[in-house]
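Undergrad: Submitted below is the structure of interest, expressed as structure tokens.
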Amino acid sequence: MMQQEFLVLISPFKDKLFRLAKRILVSREEAEDATQEVLLKLWTAETKTFKNVEAMAMTMVKNYCLDQLKAKRSKNISLVHSNYRDGSSLESQIIAKDDLDNVEKIINLLPEQQRIIIQLREIEAYEFAEIAEVLDMNETAIRVALSRARKTIREKFSHL
């Protein structure tokens with residue numbers, strides 16, 4: 001595959017790869033390394049054999065990151081949603097930031113699988129079929145896990 005072809009192929013989703021890696025690994029440097037490793041593997045792989053290159057790449061990033069976490073025995077996954085903005089008063093912005101911080105803390109307490117599903121569905125806006133392909137789960141299981149995660153977030157947030 002020529003370099004230009006590869007860049008055209010991966011450019012629509014390479015930022016998603018990095019965001020997923022960052023969400024799982026927390027460290028920007030580790031996320032960049034993970035993204036680079038996966039892109040290198042994609043470069044050497046026969047991508048024409050993949051039904052969905054993006055889903056395959058996301059799966060590769062997820063697996064690589066989880067392997068890294070297991071190697072480090074780290075359980076520190078952070079959710080930082082920097083796209084959240086509120087255009088109103090400073091006071092409401094502070095309250096919104098506090099709410100976002102509280103939701104982040106709650107999400108960090110979720111089981112790993114639920115955290116990843118929340119990331120892919122709520123932040124990355126993936127469809128259930130895409131999440132199922134990335135996580136190698138069936139859509140019903142993903143819907144159940146997402147529902148449970150949302151319920152836990154709602155319950156714990158309402159008690160703050």
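Each chain in the structure tokens gets a letter, A, B and so on, in the order shown; residues start at 1 in every chain, and ligands are counted from 1 in the order they appear.
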Residues at most 12 Å from A:Arg154, counting only C-alpha atoms, excluding those fewer than 4 positions away in the same chain, as number ranges by chain?
TA: A: 99, 102-103, 106-107, 147-150, 158-160
Undergrad: Quick check, in Å to one decimal: how far apart do atom CA of A:Glu112 and atom CA of A:Leu39 lie?
TA: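 Interatomic distance, atom CA of A:Glu112 to atom CA of A:Leu39: 24.1 Å.
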Undergrad: Kindly indicate which residue among A:Leu20, A:Val38, A:Cys65, A:Ala55 lies nearest to A:Ile118, using only C-alpha atoms for the distances.
TA: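 For A:Ile118, the nearest of the given residues is A:Leu20.
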Undergrad: Please, which residues of chain A, numbered as in this document, come out alpha helix (DSSP H) from DSSP, as an MDAnalysis selection string?
TA: chainID A and resid 3:10 14:25 28:44 53:72 90:109 112:118 128:135 139:158
Undergrad: Which residue is closest to A:Glu30? Choose from A:Met56, A:Val61, A:Ile116, A:Leu42 and count only C-alpha atoms.
TA: A:Val61
